[in-house]
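Novice: A single structure is presented below for examination.
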Amino acid sequence: MSSIYYYHQIAFGRVAMAAKPSVFRADHPLPPDLSADRSIYRRGGDGGPSSASRRRDLVFVVNPRGANGRTVKEWKKLLPYLRSRLGAHCNICESLTSGPSHAIDITREAIREGADAVVAVGGDGTLHEVVNGFFWDGKPVANPEGELMHSTALGLIPLGTGSDFARTFGWKNDPHEAVERLAKGLRSRVDVGVISGESGGSHYFINVADIHLSAKAGYYASNYKRFGNLCYVLGSLQAFMGHRNEDLRIRINEGEWKVYSQVTALCIGNAKYFGGGMMITPNADPCSGNFEVVILQDFKWYDFILKLHRLYMGTHLSVKNVSSRSVHSIEVEDLSGRGSIYIQSDGEHLGFLPRKICILPSAIEMIC
């Protein structure tokens, strides 16, 4: 039976939700042209055009299963402070996800209804889905009313195990600080990466995409999330079993194809951190218009043990067999032909090579 979700208004103000909540099926993508009777927001006291004094519509996307249920517990504790800080000027709408990809549907609907911001509450997995909700069929999702000088912003409240993406901005895992950022409402445009494969579909990421050993470790780490950030260590240990470095065929910035021998891991950073705090792409900047690509070649299991501290500190670029460069696009193919080289983005397993990864400069406004 298809799951359903509801938007809940949790702050009381002049602008109210529709009397009957919208209901959508989460296992079917939302069509581009949503009809008016499915509206979840009403702007202005009479439902008319927005004005300079209109209240801000903020949609908070919460994964109740995040961090083994800790995310929703912390969220409930945060609600009184959030209401007191934002409730006077904002319509605060809570939406609990019911399963994988649900946050994508919620985000698309909120943008089409003209929300001021969609706020990911939790870790990088929830943020990843919300970012993908900003796009549809290879294009940005837009409010069909097309309000001038208004676009839906992305917000983040790191909860549970926290967020590697937040570390790039120097944000602490402090939800009260995050609420203050939302209250100020300062916006900055950030880049987004887009990944395409032979199937023709597009997938988006905001933090780090990675290939081979690190992606395989991330895949296995998902089985150990109950152990918190230790899951990355356990996933890495499992990934090392039977691991072999592979030759990859790579093309950078639409240039010539080149073979990179004995690749252990390849990381494409829009931001700096992944894997629970490793500064894998230390020169990455999500506002630069470029990725930082870091390639590790011919690493043995003991190299990671001996150099793990350098990966966390971001000082590994001077290590032998580590290379780095700034790119705006990269294509990667598996020369072995086995189709067994993993790729993930923002910690989410995407499948296997080949893939093409491109930067979308200034793709989303983010509340910073």
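For the structure tokens, the naming scheme is as follows: chains receive sequential letters (A, B, ...) according to their order of presentation, residues are indexed from 1 within each chain, and ligands are indexed from 1 in presentation order.
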I want to know what sits within 10 Å of Asp174 in chain A, based on only C-alpha atoms, with residues of the same chain fewer than 5 positions away left out; could you give that as a ChimeraX atom specification?
Specialist: /A:157-159,162,179
Novice: Atoms to include: N, CA, C and O atoms. Write the selected residues as a PDB file, in the first residue's frame.
Specialist:
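Written file, out_23.pdb:
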```
ATOM      1  N   ILE A 157      19.375  22.265   9.568  1.00  0.00           N
ATOM      2  CA  ILE A 157      19.545  22.145  11.016  1.00  0.00           C
ATOM      3  C   ILE A 157      20.216  20.802  11.268  1.00  0.00           C
ATOM      4  O   ILE A 157      19.560  19.758  11.180  1.00  0.00           O
ATOM      5  N   PRO A 158      21.527  20.778  11.527  1.00  0.00           N
ATOM      6  CA  PRO A 158      22.206  19.501  11.763  1.00  0.00           C
ATOM      7  C   PRO A 158      21.750  18.883  13.084  1.00  0.00           C
ATOM      8  O   PRO A 158      21.857  19.503  14.139  1.00  0.00           O
ATOM      9  N   LEU A 159      21.225  17.670  13.005  1.00  0.00           N
ATOM     10  CA  LEU A 159      20.796  16.953  14.203  1.00  0.00           C
ATOM     11  C   LEU A 159      21.257  15.501  14.097  1.00  0.00           C
ATOM     12  O   LEU A 159      21.675  15.048  13.028  1.00  0.00           O
ATOM     13  N   GLY A 162      24.870  14.594  12.988  1.00  0.00           N
ATOM     14  CA  GLY A 162      25.476  15.811  12.459  1.00  0.00           C
ATOM     15  C   GLY A 162      25.628  15.774  10.958  1.00  0.00           C
ATOM     16  O   GLY A 162      25.089  14.906  10.287  1.00  0.00           O
ATOM     17  N   VAL A 179      18.953  27.676  14.127  1.00  0.00           N
ATOM     18  CA  VAL A 179      17.717  28.468  14.174  1.00  0.00           C
ATOM     19  C   VAL A 179      18.036  29.956  14.042  1.00  0.00           C
ATOM     20  O   VAL A 179      17.313  30.701  13.375  1.00  0.00           O
TER      21      VAL A 179
END
```
Novice: Select from range 199-365 of chain A everything DSSP, run on the backbone, classes as alpha helix (DSSP H), then give the selection as a ChimeraX atom specification.
Specialist: /A:213-221,230-240,301-313
Novice: Export C-alpha atoms of the chosen residues as a PDB file, in the first residue's frame?
Specialist:
```
ATOM      1  CA  LEU A 213      37.049   1.941  -2.071  1.00  0.00           C
ATOM      2  CA  SER A 214      35.549   4.901  -0.177  1.00  0.00           C
ATOM      3  CA  ALA A 215      32.208   4.421  -1.955  1.00  0.00           C
ATOM      4  CA  LYS A 216      32.227   0.726  -1.147  1.00  0.00           C
ATOM      5  CA  ALA A 217      33.044   1.565   2.480  1.00  0.00           C
ATOM      6  CA  GLY A 218      30.098   3.972   2.532  1.00  0.00           C
ATOM      7  CA  TYR A 219      27.845   1.272   1.126  1.00  0.00           C
ATOM      8  CA  TYR A 220      28.821  -1.138   3.894  1.00  0.00           C
ATOM      9  CA  ALA A 221      28.730   1.603   6.547  1.00  0.00           C
ATOM     10  CA  LEU A 230      31.958   4.422  14.084  1.00  0.00           C
ATOM     11  CA  CYS A 231      29.934   3.012  11.182  1.00  0.00           C
ATOM     12  CA  TYR A 232      32.461   4.505   8.738  1.00  0.00           C
ATOM     13  CA  VAL A 233      35.342   2.642  10.391  1.00  0.00           C
ATOM     14  CA  LEU A 234      33.401  -0.628  10.379  1.00  0.00           C
ATOM     15  CA  GLY A 235      32.347  -0.094   6.764  1.00  0.00           C
ATOM     16  CA  SER A 236      35.953   0.579   5.748  1.00  0.00           C
ATOM     17  CA  LEU A 237      37.172  -2.604   7.412  1.00  0.00           C
ATOM     18  CA  GLN A 238      34.583  -4.637   5.528  1.00  0.00           C
ATOM     19  CA  ALA A 239      35.355  -2.853   2.247  1.00  0.00           C
ATOM     20  CA  PHE A 240      39.054  -3.713   2.547  1.00  0.00           C
ATOM     21  CA  TRP A 301      45.408  -1.272   3.794  1.00  0.00           C
ATOM     22  CA  TYR A 302      48.264  -0.253   6.068  1.00  0.00           C
ATOM     23  CA  ASP A 303      48.607   3.098   4.240  1.00  0.00           C
ATOM     24  CA  PHE A 304      45.163   4.077   5.533  1.00  0.00           C
ATOM     25  CA  ILE A 305      46.048   3.081   9.065  1.00  0.00           C
ATOM     26  CA  LEU A 306      49.330   5.017   8.994  1.00  0.00           C
ATOM     27  CA  LYS A 307      47.870   8.055   7.232  1.00  0.00           C
ATOM     28  CA  LEU A 308      44.365   8.162   8.649  1.00  0.00           C
ATOM     29  CA  HIS A 309      45.171  11.175  10.818  1.00  0.00           C
ATOM     30  CA  ARG A 310      46.268  13.087   7.709  1.00  0.00           C
ATOM     31  CA  LEU A 311      42.949  12.342   6.002  1.00  0.00           C
ATOM     32  CA  TYR A 312      41.085  13.823   8.962  1.00  0.00           C
ATOM     33  CA  MET A 313      43.356  16.877   9.126  1.00  0.00           C
TER      34      MET A 313
END
```
Novice: Of the candidates A:Asp247, A:Glu109, A:Asp210, A:Glu177, which shows the shortest atom-to-atom distance to Val294 in chain A, using only C-alpha atoms?
Specialist: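 Smallest distance to Val294 in chain A is found for A:Asp210.
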Novice: By how many Å are CA of Val119 in chain A and CA of Val131 in chain A apart?
Specialist: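 CA of Val131 in chain A lies 10.1 Å from CA of Val119 in chain A.
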Novice: Looking at only C-alpha atoms, which of A:Arg65, A:His328, A:Lys73, A:His128 is the one that sits closest to Phe165 in chain A?
Specialist: A:His128
Novice: Show me, as a tab-separated table, the residues of range 243-288 of chain A having an atom within 9 Å of range 329-349 of chain A, each with the closest atom pair and its distance in Å, using only C-alpha atoms.
Specialist:
```
residue	atom	partner	partner_atom	distance
A:Glu246	CA	A:Ser336	CA	7.5
A:Asp247	CA	A:Leu335	CA	6.2
A:Leu248	CA	A:Asp334	CA	5.3
A:Arg249	CA	A:Glu333	CA	5.0
A:Ile250	CA	A:Val332	CA	4.6
A:Arg251	CA	A:Glu331	CA	5.1
A:Ile252	CA	A:Ile330	CA	4.5
A:Asn253	CA	A:Ser329	CA	4.8
A:Glu254	CA	A:Ser329	CA	7.1
A:Trp257	CA	A:Glu331	CA	8.8
A:Val259	CA	A:Leu335	CA	8.7
A:Ile268	CA	A:Ile330	CA	8.7
A:Phe274	CA	A:Asp346	CA	7.6
A:Gly275	CA	A:Gly347	CA	7.7
```
Novice: Which residues are near Gly185 in chain A? Cut-off 10 Å, only C-alpha atoms, ignore same chain within fewer than 6 positions. Put them as number ranges by chain.
Specialist: A: 116-117, 153, 155, 179, 366-368
Novice: Mind dumping the selected residues with C-alpha atoms as an mmCIF file, in the first residue's frame?
Specialist:
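Dumped everything to selection-v2.cif:
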```
data_model
loop_
_atom_site.group_PDB
_atom_site.id
_atom_site.type_symbol
_atom_site.label_atom_id
_atom_site.label_comp_id
_atom_site.auth_asym_id
_atom_site.auth_seq_id
_atom_site.Cartn_x
_atom_site.Cartn_y
_atom_site.Cartn_z
ATOM 1 C CA ASP A 116 10.443 30.695 1.437
ATOM 2 C CA ALA A 117 12.756 27.856 2.480
ATOM 3 C CA ALA A 153 16.137 28.691 -0.262
ATOM 4 C CA GLY A 155 18.221 25.520 5.011
ATOM 5 C CA VAL A 179 17.717 28.468 14.174
ATOM 6 C CA MET A 366 21.238 28.597 0.875
ATOM 7 C CA ILE A 367 20.520 30.229 4.209
ATOM 8 C CA CYS A 368 23.988 30.768 5.654
#
```
Novice: If we count only C-alpha atoms, what is near Ala120 in chain A at a cut-off of 12 Å, once residues fewer than 3 positions away on the same chain are taken out, given as a PyMOL selection string?
Specialist: chain A and resi 58-63+66+71+75+94-97+103-104+106-107+117+123-133+153-159+162-163+165-166+175+178-179+182+366-367
Novice: Name the residues of range 72-136 of chain A that fall into strand (DSSP E or B) according to DSSP on the backbone, using the chain letters and numbers of this document, as a list of chain:residue names.
Specialist: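 Taking range 72-136 of chain A and keeping strand (DSSP E or B) only, one gets A:Cys90, A:Asn91, A:Ile92, A:Cys93, A:Glu94, A:Ser95, A:Leu96, A:Ala117, A:Val118, A:Val119, A:Ala120, A:Val121, A:Gly122, A:Phe135, A:Trp136.
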Novice: Could you tell me which of A:Val121, A:Gln262, A:Glu113, A:His203 comes closest to Asp137 in chain A if we count only C-alpha atoms?
Specialist: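 The closest residue to Asp137 in chain A is A:His203.
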Novice: If we count only C-alpha atoms, what is near range 322-326 of chain A at a cut-off of 7 Å, once residues fewer than 6 positions away on the same chain are taken out, given as a ChimeraX atom specification?
Specialist: /A:290-297
Novice: For Leu82 in chain A, which residue out of A:Arg70, A:Glu180, A:Lys320, A:Asp105 is the nearest one, using only C-alpha atoms?
Specialist: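 Smallest separation from Leu82 in chain A among the options: A:Glu180.
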